[in-house]
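What follows is coords.pdb (PDB, C-alpha atoms, pLDDT in the B column).
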```pdb
ATOM      1  CA  MET A   1       9.804  -6.893  -3.107  1.00 82.00           C
ATOM      2  CA  ARG A   2       6.479  -5.207  -3.768  1.00 88.00           C
ATOM      3  CA  VAL A   3       4.731  -6.933  -6.671  1.00 92.00           C
ATOM      4  CA  LEU A   4       1.510  -6.178  -8.543  1.00 94.00           C
ATOM      5  CA  VAL A   5      -0.221  -9.092 -10.282  1.00 95.00           C
ATOM      6  CA  VAL A   6      -2.554  -7.891 -13.046  1.00 95.00           C
ATOM      7  CA  GLU A   7      -4.619 -10.853 -14.230  1.00 93.00           C
ATOM      8  CA  ASP A   8      -8.338 -11.092 -14.996  1.00 92.00           C
ATOM      9  CA  GLU A   9      -8.489 -14.840 -14.271  1.00 92.00           C
ATOM     10  CA  ARG A  10      -9.104 -14.573 -10.532  1.00 92.00           C
ATOM     11  CA  ILE A  11      -8.076 -18.129  -9.658  1.00 93.00           C
ATOM     12  CA  LEU A  12      -4.749 -17.701 -11.465  1.00 93.00           C
ATOM     13  CA  ALA A  13      -4.132 -14.267  -9.950  1.00 93.00           C
ATOM     14  CA  ASP A  14      -4.747 -15.579  -6.433  1.00 93.00           C
ATOM     15  CA  ALA A  15      -2.503 -18.588  -7.062  1.00 94.00           C
ATOM     16  CA  ILE A  16       0.357 -16.387  -8.283  1.00 94.00           C
ATOM     17  CA  ALA A  17      -0.080 -14.036  -5.337  1.00 93.00           C
ATOM     18  CA  GLU A  18      -0.082 -16.892  -2.824  1.00 91.00           C
ATOM     19  CA  TRP A  19       3.065 -18.407  -4.346  1.00 92.00           C
ATOM     20  CA  LEU A  20       4.944 -15.088  -4.237  1.00 92.00           C
ATOM     21  CA  ARG A  21       3.773 -14.265  -0.713  1.00 90.00           C
ATOM     22  CA  ASP A  22       5.169 -17.606   0.429  1.00 86.00           C
ATOM     23  CA  GLU A  23       8.500 -16.300  -0.864  1.00 84.00           C
ATOM     24  CA  ALA A  24       8.237 -13.160   1.305  1.00 82.00           C
ATOM     25  CA  HIS A  25       7.060 -10.730  -1.384  1.00 89.00           C
ATOM     26  CA  ALA A  26       4.316  -8.194  -0.734  1.00 87.00           C
ATOM     27  CA  VAL A  27       1.696  -8.748  -3.423  1.00 91.00           C
ATOM     28  CA  ASP A  28      -1.315  -6.768  -4.620  1.00 92.00           C
ATOM     29  CA  THR A  29      -3.685  -7.930  -7.353  1.00 93.00           C
ATOM     30  CA  ALA A  30      -5.787  -6.199  -9.987  1.00 93.00           C
ATOM     31  CA  GLY A  31      -8.338  -7.813 -12.270  1.00 92.00           C
ATOM     32  CA  ASP A  32      -8.343  -5.252 -15.088  1.00 93.00           C
ATOM     33  CA  GLY A  33      -6.135  -2.625 -16.647  1.00 92.00           C
ATOM     34  CA  GLU A  34      -7.971   0.312 -15.136  1.00 93.00           C
ATOM     35  CA  SER A  35      -7.551  -0.987 -11.574  1.00 93.00           C
ATOM     36  CA  ALA A  36      -3.905  -1.715 -12.330  1.00 93.00           C
ATOM     37  CA  LEU A  37      -3.226   1.879 -13.369  1.00 93.00           C
ATOM     38  CA  GLU A  38      -4.945   3.149 -10.215  1.00 90.00           C
ATOM     39  CA  ARG A  39      -2.699   0.996  -8.012  1.00 90.00           C
ATOM     40  CA  ILE A  40       0.439   1.870  -9.954  1.00 90.00           C
ATOM     41  CA  ALA A  41      -0.328   5.573  -9.467  1.00 87.00           C
ATOM     42  CA  VAL A  42      -0.274   5.305  -5.667  1.00 82.00           C
ATOM     43  CA  ASN A  43       2.123   2.419  -4.912  1.00 83.00           C
ATOM     44  CA  ASP A  44       5.826   1.947  -5.564  1.00 84.00           C
ATOM     45  CA  TYR A  45       6.080  -1.495  -7.169  1.00 89.00           C
ATOM     46  CA  ASP A  46       9.318  -3.293  -7.934  1.00 89.00           C
ATOM     47  CA  VAL A  47       7.760  -5.726 -10.408  1.00 92.00           C
ATOM     48  CA  VAL A  48       4.449  -5.727 -12.291  1.00 94.00           C
ATOM     49  CA  ILE A  49       3.265  -9.113 -13.582  1.00 95.00           C
ATOM     50  CA  LEU A  50       1.007  -8.040 -16.414  1.00 94.00           C
ATOM     51  CA  ASP A  51      -1.434 -10.166 -18.396  1.00 91.00           C
ATOM     52  CA  ARG A  52      -1.632  -8.824 -21.909  1.00 86.00           C
ATOM     53  CA  ASP A  53      -5.331  -9.488 -22.590  1.00 86.00           C
ATOM     54  CA  LEU A  54      -7.106  -7.395 -19.956  1.00 91.00           C
ATOM     55  CA  PRO A  55     -10.596  -5.861 -19.790  1.00 90.00           C
ATOM     56  CA  LEU A  56     -11.237  -2.092 -19.624  1.00 90.00           C
ATOM     57  CA  VAL A  57      -7.628  -1.125 -20.421  1.00 91.00           C
ATOM     58  CA  HIS A  58      -5.540  -3.520 -22.516  1.00 91.00           C
ATOM     59  CA  GLY A  59      -2.300  -4.818 -21.054  1.00 89.00           C
ATOM     60  CA  ASP A  60      -0.350  -3.205 -23.898  1.00 89.00           C
ATOM     61  CA  ASP A  61      -1.713   0.196 -22.878  1.00 91.00           C
ATOM     62  CA  VAL A  62      -0.888  -0.429 -19.208  1.00 91.00           C
ATOM     63  CA  CYS A  63       2.677  -1.299 -20.199  1.00 90.00           C
ATOM     64  CA  ARG A  64       2.916   1.763 -22.417  1.00 88.00           C
ATOM     65  CA  GLU A  65       1.655   3.994 -19.581  1.00 88.00           C
ATOM     66  CA  LEU A  66       4.260   2.541 -17.212  1.00 86.00           C
ATOM     67  CA  VAL A  67       7.049   3.297 -19.648  1.00 83.00           C
ATOM     68  CA  GLU A  68       5.823   6.809 -20.428  1.00 82.00           C
ATOM     69  CA  SER A  69       5.510   7.626 -16.715  1.00 82.00           C
ATOM     70  CA  GLU A  70       9.173   6.605 -16.252  1.00 75.00           C
ATOM     71  CA  SER A  71       8.173   4.146 -13.545  1.00 80.00           C
ATOM     72  CA  THR A  72      11.060   2.133 -12.087  1.00 81.00           C
ATOM     73  CA  ALA A  73       8.853  -0.990 -11.927  1.00 87.00           C
ATOM     74  CA  ARG A  74       9.983  -3.910 -14.063  1.00 90.00           C
ATOM     75  CA  VAL A  75       7.297  -5.542 -16.227  1.00 92.00           C
ATOM     76  CA  LEU A  76       6.861  -9.282 -16.718  1.00 93.00           C
ATOM     77  CA  MET A  77       4.220  -9.742 -19.402  1.00 90.00           C
ATOM     78  CA  LEU A  78       2.000 -12.834 -19.460  1.00 88.00           C
ATOM     79  CA  THR A  79      -0.030 -14.004 -22.415  1.00 80.00           C
ATOM     80  CA  ALA A  80      -1.738 -17.073 -23.767  1.00 73.00           C
ATOM     81  CA  ALA A  81      -0.055 -16.447 -27.099  1.00 62.00           C
ATOM     82  CA  GLY A  82       3.423 -17.866 -27.467  1.00 59.00           C
ATOM     83  CA  GLU A  83       4.215 -16.802 -31.012  1.00 62.00           C
ATOM     84  CA  ILE A  84       7.420 -14.890 -31.700  1.00 64.00           C
ATOM     85  CA  GLY A  85       5.446 -11.937 -33.055  1.00 63.00           C
ATOM     86  CA  ASP A  86       3.526 -11.594 -29.772  1.00 65.00           C
ATOM     87  CA  ARG A  87       6.719 -11.728 -27.751  1.00 63.00           C
ATOM     88  CA  VAL A  88       8.324  -9.080 -29.949  1.00 67.00           C
ATOM     89  CA  THR A  89       5.289  -6.829 -29.596  1.00 67.00           C
ATOM     90  CA  GLY A  90       5.274  -7.104 -25.810  1.00 61.00           C
ATOM     91  CA  LEU A  91       8.971  -6.408 -25.501  1.00 69.00           C
ATOM     92  CA  SER A  92       8.820  -3.517 -27.974  1.00 70.00           C
ATOM     93  CA  LEU A  93       6.232  -1.833 -25.756  1.00 76.00           C
ATOM     94  CA  GLY A  94       8.765  -1.774 -22.925  1.00 80.00           C
ATOM     95  CA  ALA A  95       8.162  -5.038 -21.082  1.00 85.00           C
ATOM     96  CA  ASP A  96      11.332  -6.365 -19.458  1.00 88.00           C
ATOM     97  CA  ASP A  97      10.454 -10.042 -19.768  1.00 89.00           C
ATOM     98  CA  TYR A  98       7.830 -12.248 -21.347  1.00 87.00           C
ATOM     99  CA  LEU A  99       6.295 -15.521 -20.152  1.00 88.00           C
ATOM    100  CA  PRO A 100       3.693 -17.458 -22.199  1.00 86.00           C
ATOM    101  CA  LYS A 101       0.898 -19.404 -20.532  1.00 84.00           C
ATOM    102  CA  PRO A 102       0.811 -22.049 -19.237  1.00 86.00           C
ATOM    103  CA  PHE A 103       3.903 -21.624 -17.056  1.00 89.00           C
ATOM    104  CA  ALA A 104       5.460 -23.171 -13.969  1.00 91.00           C
ATOM    105  CA  PHE A 105       5.209 -21.056 -10.824  1.00 91.00           C
ATOM    106  CA  ALA A 106       8.856 -21.840 -10.042  1.00 90.00           C
ATOM    107  CA  GLU A 107       9.909 -20.265 -13.344  1.00 92.00           C
ATOM    108  CA  LEU A 108       7.678 -17.258 -12.747  1.00 93.00           C
ATOM    109  CA  SER A 109       9.257 -16.783  -9.329  1.00 90.00           C
ATOM    110  CA  ALA A 110      12.774 -17.046 -10.753  1.00 90.00           C
ATOM    111  CA  ARG A 111      11.959 -14.429 -13.378  1.00 91.00           C
ATOM    112  CA  VAL A 112      10.559 -12.078 -10.709  1.00 91.00           C
ATOM    113  CA  GLN A 113      13.772 -12.457  -8.697  1.00 86.00           C
ATOM    114  CA  ALA A 114      15.836 -11.767 -11.814  1.00 85.00           C
ATOM    115  CA  LEU A 115      13.841  -8.615 -12.570  1.00 87.00           C
ATOM    116  CA  GLY A 116      14.388  -7.478  -8.987  1.00 78.00           C
ATOM    117  CA  ARG A 117      18.124  -7.718  -9.546  1.00 72.00           C
ATOM    118  CA  ARG A 118      17.687  -5.435 -12.570  1.00 70.00           C
ATOM    119  CA  ALA A 119      15.926  -2.743 -10.555  1.00 60.00           C
ATOM    120  CA  ARG A 120      17.271   0.784 -10.397  1.00 54.00           C
ATOM    121  CA  PRO A 121      19.595   0.746  -8.542  1.00 54.00           C
ATOM    122  CA  ALA A 122      20.359  -2.913  -9.224  1.00 53.00           C
ATOM    123  CA  LEU A 123      19.849  -5.286  -6.325  1.00 58.00           C
ATOM    124  CA  PRO A 124      22.696  -7.727  -5.630  1.00 62.00           C
ATOM    125  CA  PRO A 125      21.802 -11.445  -5.752  1.00 74.00           C
ATOM    126  CA  VAL A 126      22.954 -11.852  -2.130  1.00 85.00           C
ATOM    127  CA  LEU A 127      22.732  -9.100   0.512  1.00 89.00           C
ATOM    128  CA  ARG A 128      25.495  -8.806   3.142  1.00 89.00           C
ATOM    129  CA  ARG A 129      25.988  -6.375   6.010  1.00 91.00           C
ATOM    130  CA  ALA A 130      27.008  -6.421   9.673  1.00 90.00           C
ATOM    131  CA  GLY A 131      27.700 -10.152   9.638  1.00 92.00           C
ATOM    132  CA  ILE A 132      24.290 -10.882   8.072  1.00 94.00           C
ATOM    133  CA  THR A 133      23.941 -12.761   4.779  1.00 93.00           C
ATOM    134  CA  LEU A 134      20.534 -12.846   3.085  1.00 92.00           C
ATOM    135  CA  ASP A 135      19.986 -14.923  -0.050  1.00 88.00           C
ATOM    136  CA  PRO A 136      16.630 -13.996  -1.670  1.00 81.00           C
ATOM    137  CA  ALA A 137      16.692 -16.890  -4.142  1.00 73.00           C
ATOM    138  CA  ARG A 138      17.263 -19.563  -1.493  1.00 79.00           C
ATOM    139  CA  ARG A 139      15.310 -17.568   1.099  1.00 82.00           C
ATOM    140  CA  GLU A 140      18.032 -18.119   3.685  1.00 88.00           C
ATOM    141  CA  VAL A 141      19.500 -15.821   6.330  1.00 93.00           C
ATOM    142  CA  TYR A 142      22.707 -16.308   8.310  1.00 94.00           C
ATOM    143  CA  ARG A 143      24.337 -14.176  10.960  1.00 93.00           C
ATOM    144  CA  ASN A 144      28.017 -14.847  11.536  1.00 91.00           C
ATOM    145  CA  GLY A 145      27.551 -18.295  10.012  1.00 89.00           C
ATOM    146  CA  ARG A 146      24.484 -19.169  12.136  1.00 93.00           C
ATOM    147  CA  TYR A 147      21.265 -19.963  10.282  1.00 92.00           C
ATOM    148  CA  VAL A 148      18.408 -17.648  11.295  1.00 93.00           C
ATOM    149  CA  PRO A 149      14.856 -18.918  10.591  1.00 92.00           C
ATOM    150  CA  LEU A 150      12.554 -16.006   9.766  1.00 91.00           C
ATOM    151  CA  SER A 151       8.892 -15.577   8.935  1.00 89.00           C
ATOM    152  CA  ASN A 152       7.982 -14.118   5.543  1.00 85.00           C
ATOM    153  CA  LYS A 153       7.442 -10.618   6.940  1.00 88.00           C
ATOM    154  CA  GLU A 154      10.632 -10.697   9.024  1.00 92.00           C
ATOM    155  CA  PHE A 155      12.554 -11.791   5.937  1.00 91.00           C
ATOM    156  CA  ALA A 156      11.034  -8.991   3.830  1.00 88.00           C
ATOM    157  CA  VAL A 157      11.779  -6.328   6.468  1.00 92.00           C
ATOM    158  CA  LEU A 158      15.358  -7.502   6.865  1.00 94.00           C
ATOM    159  CA  ALA A 159      15.868  -7.504   3.092  1.00 91.00           C
ATOM    160  CA  GLU A 160      14.643  -3.918   2.841  1.00 90.00           C
ATOM    161  CA  LEU A 161      16.924  -2.803   5.682  1.00 94.00           C
ATOM    162  CA  LEU A 162      19.921  -4.488   4.081  1.00 93.00           C
ATOM    163  CA  ARG A 163      19.170  -2.955   0.691  1.00 88.00           C
ATOM    164  CA  ALA A 164      19.309   0.497   2.298  1.00 89.00           C
ATOM    165  CA  GLU A 165      23.064  -0.034   2.919  1.00 88.00           C
ATOM    166  CA  GLY A 166      23.100   1.693   6.280  1.00 90.00           C
ATOM    167  CA  ALA A 167      20.548   4.403   5.537  1.00 92.00           C
ATOM    168  CA  VAL A 168      17.452   4.888   7.669  1.00 93.00           C
ATOM    169  CA  VAL A 169      14.305   3.143   6.430  1.00 92.00           C
ATOM    170  CA  SER A 170      11.023   4.591   7.663  1.00 91.00           C
ATOM    171  CA  SER A 171       8.197   2.500   9.067  1.00 89.00           C
ATOM    172  CA  GLU A 172       6.069   3.716   6.168  1.00 86.00           C
ATOM    173  CA  ARG A 173       8.606   2.407   3.652  1.00 86.00           C
ATOM    174  CA  LEU A 174       8.796  -0.971   5.400  1.00 88.00           C
ATOM    175  CA  LEU A 175       5.010  -1.185   5.476  1.00 85.00           C
ATOM    176  CA  GLU A 176       4.845  -0.397   1.760  1.00 81.00           C
ATOM    177  CA  LYS A 177       7.470  -2.951   0.743  1.00 80.00           C
ATOM    178  CA  ALA A 178       6.726  -5.853   3.107  1.00 82.00           C
ATOM    179  CA  TRP A 179       2.922  -5.710   3.337  1.00 79.00           C
ATOM    180  CA  ASP A 180       0.221  -5.431   0.696  1.00 72.00           C
ATOM    181  CA  GLU A 181      -2.361  -2.692   0.223  1.00 69.00           C
ATOM    182  CA  ASN A 182      -4.659  -4.242   2.848  1.00 67.00           C
ATOM    183  CA  ALA A 183      -2.228  -3.476   5.681  1.00 67.00           C
ATOM    184  CA  ASP A 184      -3.462  -0.969   8.260  1.00 67.00           C
ATOM    185  CA  PRO A 185      -0.871   1.852   8.538  1.00 65.00           C
ATOM    186  CA  PHE A 186      -2.076   2.695  12.041  1.00 65.00           C
ATOM    187  CA  THR A 187      -1.199  -0.667  13.571  1.00 72.00           C
ATOM    188  CA  GLY A 188       2.105  -1.452  15.261  1.00 84.00           C
ATOM    189  CA  VAL A 189       2.809  -4.353  12.921  1.00 87.00           C
ATOM    190  CA  VAL A 190       6.143  -2.910  11.721  1.00 89.00           C
ATOM    191  CA  ARG A 191       7.419  -2.286  15.238  1.00 90.00           C
ATOM    192  CA  LEU A 192       6.359  -5.752  16.368  1.00 91.00           C
ATOM    193  CA  THR A 193       8.025  -7.393  13.365  1.00 91.00           C
ATOM    194  CA  VAL A 194      11.263  -5.501  14.012  1.00 93.00           C
ATOM    195  CA  LEU A 195      11.204  -6.602  17.673  1.00 93.00           C
ATOM    196  CA  LYS A 196      10.857 -10.243  16.625  1.00 92.00           C
ATOM    197  CA  LEU A 197      13.581  -9.802  14.012  1.00 94.00           C
ATOM    198  CA  ARG A 198      15.992  -8.379  16.581  1.00 93.00           C
ATOM    199  CA  ARG A 199      15.314 -11.281  18.917  1.00 92.00           C
ATOM    200  CA  LYS A 200      15.997 -13.870  16.228  1.00 93.00           C
ATOM    201  CA  LEU A 201      19.164 -12.178  14.983  1.00 94.00           C
ATOM    202  CA  GLY A 202      20.551 -12.269  18.516  1.00 91.00           C
ATOM    203  CA  ASP A 203      23.183 -10.207  20.306  1.00 89.00           C
ATOM    204  CA  PRO A 204      24.676  -7.738  19.876  1.00 91.00           C
ATOM    205  CA  PRO A 205      21.567  -5.983  18.511  1.00 89.00           C
ATOM    206  CA  VAL A 206      22.081  -5.005  14.894  1.00 93.00           C
ATOM    207  CA  VAL A 207      18.775  -3.346  13.923  1.00 93.00           C
ATOM    208  CA  LEU A 208      18.857   0.153  15.393  1.00 92.00           C
ATOM    209  CA  THR A 209      15.867   2.404  16.016  1.00 92.00           C
ATOM    210  CA  VAL A 210      16.279   6.016  14.891  1.00 92.00           C
ATOM    211  CA  PRO A 211      13.682   7.952  16.929  1.00 90.00           C
ATOM    212  CA  GLY A 212      11.150   9.710  14.734  1.00 88.00           C
ATOM    213  CA  ALA A 213      12.742   8.397  11.551  1.00 90.00           C
ATOM    214  CA  GLY A 214      12.728   4.591  11.357  1.00 91.00           C
ATOM    215  CA  TYR A 215      15.279   1.785  11.491  1.00 94.00           C
ATOM    216  CA  ARG A 216      18.739   1.063  10.141  1.00 93.00           C
ATOM    217  CA  ILE A 217      21.472  -1.576  10.107  1.00 93.00           C
ATOM    218  CA  PRO A 218      24.785   0.317  10.459  1.00 91.00           C
TER     219      PRO A 218
END
```
Now, as a test, write the supplied structure out as structure tokens.
Amino acid sequence: MRVLVVEDERILADAIAEWLRDEAHAVDTAGDGESALERIAVNDYDVVILDRDLPLVHGDDVCRELVESESTARVLMLTAAGEIGDRVTGLSLGADDYLPKPFAFAELSARVQALGRRARPALPPVLRRAGITLDPARREVYRNGRYVPLSNKEFAVLAELLRAEGAVVSSERLLEKAWDENADPFTGVVRLTVLKLRRKLGDPPVVLTVPGAGYRIP
């Protein structure tokens, strides 16, 4: 999934991003509410991890803007305050979940996965197609019962192709969902990743190239 981490404590933001990237998510970071709104305006995020106490634009206002813009991104709000009143306030603004600091990264990751399953349209907990089974929570892939070890980017690309349920997924869409905002759109990184993915999945080839359009798993 594509995730935005909005946290003004740089060390914490980088730690969250590193943890989620290790689980094959594409992660961007923002250190204040204004930067967060700029990124949200141009990127299609699945989940926004939002610290409530942010400089420039408060986290409450960022959450409110997301809701008013009818964004499909799910919001996990973070805060140092764990009182019931703070949780109620965050959820009443439109946040989908709430996690007080300090927290365990494993719990944060589980909550991000759960929010992904509540996306519109909802994502199934396990993806299956063409003999392939992909379990996002366990980060495991099998083809016809054979375990397939994949890199983080290969896993993310395969997940996006499976979620499309047979439809064509463009290279631009794969780049947006599997890489962060620092990815160069003019490189052949998507094509190379698909080639490696095909090789690991084995024969018969299951990831098809649709000339001029992208890739699909029929």
Exercise. Using only C-alpha atoms, which residues sit within 7 Å of range 200-213 of chain A once same-chain residues fewer than 6 positions away are excluded, as a list of chain:residue names?
Worked result: A:Arg143, A:Val148, A:Ser170
For this session: Identify all residues satisfying the PyMOL selection byres ((chain A and resi 191) around 12) in the given file; provide them as a PyMOL selection string.
Result: chain A and resi 153-154+157+170-172+174-175+185-190+192-198+207-209+214-215
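Here CA of Arg163 in chain A and CA of Thr72 in chain A stand 16.0 Å from one another.
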Exercise. Quick one, how far is CA of His25 in chain A from CA of Leu76 in chain A?
Worked result: 15.4 Å
Exercise. Which polymer residues have any atom within 10 Å of an atom of range 123-135 of chain A, counting all atoms listed in the file, with same-chain residues fewer than 3 positions away left out, as number ranges by chain?
Worked result: A: 113-120, 138-148, 155, 158-163, 165-166, 201, 206-207, 217-218
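Proximity to Ile40 in chain A was assessed for A:Asp53, A:Asp60, A:Glu70, A:Glu23 counting only C-alpha atoms; the smallest distance is recorded for A:Glu70.
Proximity of A:Arg199, A:Arg39, A:Arg21, A:Arg52 to Asp8 in chain A, computed with all atoms listed in the file, is greatest for A:Arg52.
Among the candidates A:Ala26, A:Val112, A:Val6, A:Leu20, the one nearest to Val62 in chain A when counting all atoms listed in the file is A:Val6.
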For this session: For a cut-off of 10 Å around (8.1, -14.7, -11.3), file coordinates, pick out all residues using only C-alpha atoms and list them as a ChimeraX atom specification.
Result: /A:3,16,19-20,47-49,76,97,99,103-116
With C-alpha atoms retained, export the selected residues as a PDB file, in the frame of the given file.
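Result file follows (out_13.pdb):
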```
ATOM      1  CA  VAL A   3       4.731  -6.933  -6.671  1.00 92.00           C
ATOM      2  CA  ILE A  16       0.357 -16.387  -8.283  1.00 94.00           C
ATOM      3  CA  TRP A  19       3.065 -18.407  -4.346  1.00 92.00           C
ATOM      4  CA  LEU A  20       4.944 -15.088  -4.237  1.00 92.00           C
ATOM      5  CA  VAL A  47       7.760  -5.726 -10.408  1.00 92.00           C
ATOM      6  CA  VAL A  48       4.449  -5.727 -12.291  1.00 94.00           C
ATOM      7  CA  ILE A  49       3.265  -9.113 -13.582  1.00 95.00           C
ATOM      8  CA  LEU A  76       6.861  -9.282 -16.718  1.00 93.00           C
ATOM      9  CA  ASP A  97      10.454 -10.042 -19.768  1.00 89.00           C
ATOM     10  CA  LEU A  99       6.295 -15.521 -20.152  1.00 88.00           C
ATOM     11  CA  PHE A 103       3.903 -21.624 -17.056  1.00 89.00           C
ATOM     12  CA  ALA A 104       5.460 -23.171 -13.969  1.00 91.00           C
ATOM     13  CA  PHE A 105       5.209 -21.056 -10.824  1.00 91.00           C
ATOM     14  CA  ALA A 106       8.856 -21.840 -10.042  1.00 90.00           C
ATOM     15  CA  GLU A 107       9.909 -20.265 -13.344  1.00 92.00           C
ATOM     16  CA  LEU A 108       7.678 -17.258 -12.747  1.00 93.00           C
ATOM     17  CA  SER A 109       9.257 -16.783  -9.329  1.00 90.00           C
ATOM     18  CA  ALA A 110      12.774 -17.046 -10.753  1.00 90.00           C
ATOM     19  CA  ARG A 111      11.959 -14.429 -13.378  1.00 91.00           C
ATOM     20  CA  VAL A 112      10.559 -12.078 -10.709  1.00 91.00           C
ATOM     21  CA  GLN A 113      13.772 -12.457  -8.697  1.00 86.00           C
ATOM     22  CA  ALA A 114      15.836 -11.767 -11.814  1.00 85.00           C
ATOM     23  CA  LEU A 115      13.841  -8.615 -12.570  1.00 87.00           C
ATOM     24  CA  GLY A 116      14.388  -7.478  -8.987  1.00 78.00           C
TER      25      GLY A 116
END
```
Centre and edge lengths, as AutoDock Vina command-line options, for the axis-aligned box enclosing every listed atom of range 132-140 of chain A with 6 Å of padding on each of the six sides, in Å to one decimal?
```
--center_x 19.8 --center_y -15.2 --center_z 2.0 --size_x 21.0 --size_y 20.7 --size_z 24.2
```
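Minimum distance to Lys177 in chain A across A:Asp61, A:Asp32, A:Asp46, A:Asp14 (counting only C-alpha atoms) occurs at A:Asp46.
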For this session: May I have the residues at most 8 Å from (-5.2, -4.8, -14.7) in the file's coordinates, counting all atoms listed in the file, as a PyMOL selection string?
Result: chain A and resi 5-8+30-37+50-51+54-55+57-59+62
May I have the residues from that selection written out with C-alpha atoms, as a compact mmCIF listing (two decimals), in the coordinates of the input?
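In the end it all went to result_31.txt:
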```
# COMPACT_ATOMS: atom_id res chain seq x y z
CA VAL A 5 -0.22 -9.09 -10.28
CA VAL A 6 -2.55 -7.89 -13.05
CA GLU A 7 -4.62 -10.85 -14.23
CA ASP A 8 -8.34 -11.09 -15.00
CA ALA A 30 -5.79 -6.20 -9.99
CA GLY A 31 -8.34 -7.81 -12.27
CA ASP A 32 -8.34 -5.25 -15.09
CA GLY A 33 -6.14 -2.62 -16.65
CA GLU A 34 -7.97 0.31 -15.14
CA SER A 35 -7.55 -0.99 -11.57
CA ALA A 36 -3.90 -1.72 -12.33
CA LEU A 37 -3.23 1.88 -13.37
CA LEU A 50 1.01 -8.04 -16.41
CA ASP A 51 -1.43 -10.17 -18.40
CA LEU A 54 -7.11 -7.40 -19.96
CA PRO A 55 -10.60 -5.86 -19.79
CA VAL A 57 -7.63 -1.12 -20.42
CA HIS A 58 -5.54 -3.52 -22.52
CA GLY A 59 -2.30 -4.82 -21.05
CA VAL A 62 -0.89 -0.43 -19.21
```
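Going from CA of Asp28 in chain A over to CA of Pro149 in chain A, you cover 25.3 Å.
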For this session: Given the file shown, determine the residues that the PyMOL selection byres ((chain A and resi 79) around 6) selects; report them as an MDAnalysis selection string.
Result: chainID A and resid 51:52 78 80:81 100:101
